[in-house]
Amino acid sequence: MSKGNIYIEQRPDSTYAVMRPGAERASAILPTQHQAIERAREISPNTKPDVERVRHTSVGKPDQWRKA
């Protein structure tokens with residue numbers, strides 16, 4: 001994980017956290033994944049955020065990441 005990365009993770013209360021690798025606290029906690037992606041793009045405009053898959057699809061598993 002490089003320092004330039006930024007991640008969107010779903011929390012147990014169904015909110016979404018915007019985090020940097022190794023951070024103890026989230027940079028932002030938002031009610032929707034879309035809002036979290038937009039905030040991550042504001043924080044780090046030159047980096048595509050990695051978004052945790054939180055739903056089951058025919059492709060991939062929920063514990064994998066995708067670029068937003």
# chains A, B, ... in the order shown; residues from 1 in each chain; ligands from 1
$ residues_around --residues "Tyr7 (chain A)" --least-positions-apart "3" --cutoff "6 Å" --atoms "only C-alpha atoms" --output "list in words"
Val18, Met19, Pro49, Asp50 and Val51 of chain A
$ write_last_selection --atoms "all heavy atoms" --output "mmCIF file, in the first residue's frame"
data_model
loop_
_atom_site.group_PDB
_atom_site.id
_atom_site.type_symbol
_atom_site.label_atom_id
_atom_site.label_comp_id
_atom_site.auth_asym_id
_atom_site.auth_seq_id
_atom_site.Cartn_x
_atom_site.Cartn_y
_atom_site.Cartn_z
ATOM 1 N N VAL A 18 -13.687 6.950 4.896
ATOM 2 C CA VAL A 18 -12.625 7.289 3.952
ATOM 3 C C VAL A 18 -11.335 7.253 4.760
ATOM 4 O O VAL A 18 -11.194 7.981 5.746
ATOM 5 C CB VAL A 18 -12.839 8.701 3.364
ATOM 6 C CG1 VAL A 18 -11.718 9.059 2.408
ATOM 7 C CG2 VAL A 18 -14.192 8.797 2.678
ATOM 8 N N MET A 19 -10.402 6.363 4.366
ATOM 9 C CA MET A 19 -9.190 6.174 5.160
ATOM 10 C C MET A 19 -7.937 6.082 4.299
ATOM 11 O O MET A 19 -8.000 5.627 3.166
ATOM 12 C CB MET A 19 -9.302 4.895 5.986
ATOM 13 C CG MET A 19 -10.450 4.902 6.961
ATOM 14 S SD MET A 19 -10.430 3.504 8.051
ATOM 15 C CE MET A 19 -9.054 3.916 9.097
ATOM 16 N N PRO A 49 -9.784 6.165 -5.618
ATOM 17 C CA PRO A 49 -9.942 5.452 -4.351
ATOM 18 C C PRO A 49 -10.251 3.967 -4.570
ATOM 19 O O PRO A 49 -10.893 3.593 -5.546
ATOM 20 C CB PRO A 49 -11.119 6.160 -3.688
ATOM 21 C CG PRO A 49 -11.816 6.891 -4.771
ATOM 22 C CD PRO A 49 -10.828 7.139 -5.855
ATOM 23 N N ASP A 50 -9.771 3.140 -3.644
ATOM 24 C CA ASP A 50 -10.111 1.721 -3.631
ATOM 25 C C ASP A 50 -11.364 1.568 -2.780
ATOM 26 O O ASP A 50 -11.405 2.021 -1.642
ATOM 27 C CB ASP A 50 -8.974 0.892 -3.013
ATOM 28 C CG ASP A 50 -7.768 0.823 -3.933
ATOM 29 O OD1 ASP A 50 -7.956 0.404 -5.093
ATOM 30 O OD2 ASP A 50 -6.661 1.173 -3.502
ATOM 31 N N VAL A 51 -12.382 0.934 -3.353
ATOM 32 C CA VAL A 51 -13.672 0.804 -2.684
ATOM 33 C C VAL A 51 -13.908 -0.658 -2.353
ATOM 34 O O VAL A 51 -13.813 -1.529 -3.222
ATOM 35 C CB VAL A 51 -14.813 1.345 -3.575
ATOM 36 C CG1 VAL A 51 -16.149 1.207 -2.870
ATOM 37 C CG2 VAL A 51 -14.548 2.786 -3.967
#
$ atom_distance --atom1 "CA of Leu30 (chain A)" --atom2 "CA of Tyr16 (chain A)"
5.3 Å
$ atom_distance --atom1 "CA of Ser27 (chain A)" --atom2 "CA of Asn5 (chain A)"
12.7 Å
$ atom_distance --atom1 "CA of Thr32 (chain A)" --atom2 "CA of Thr15 (chain A)"
6.4 Å
$ closest_residue --among "A:Ala23, A:Lys67, A:Arg41, A:Ala36" --to "Arg11 (chain A)" --atoms "only C-alpha atoms"
A:Ala36
$ select_by_dssp --residues "region 5-47 of chain A" --states "helix (DSSP H, G or I)" --output "list in words"
Gln33, His34, Gln35, Ala36, Ile37, Glu38, Arg39, Ala40, Arg41, Glu42 and Ile43 of chain A
$ closest_residue --among "A:Glu52, A:Pro45, A:Gln10, A:Gly4" --to "Gly22 (chain A)" --atoms "only C-alpha atoms"
A:Gly4
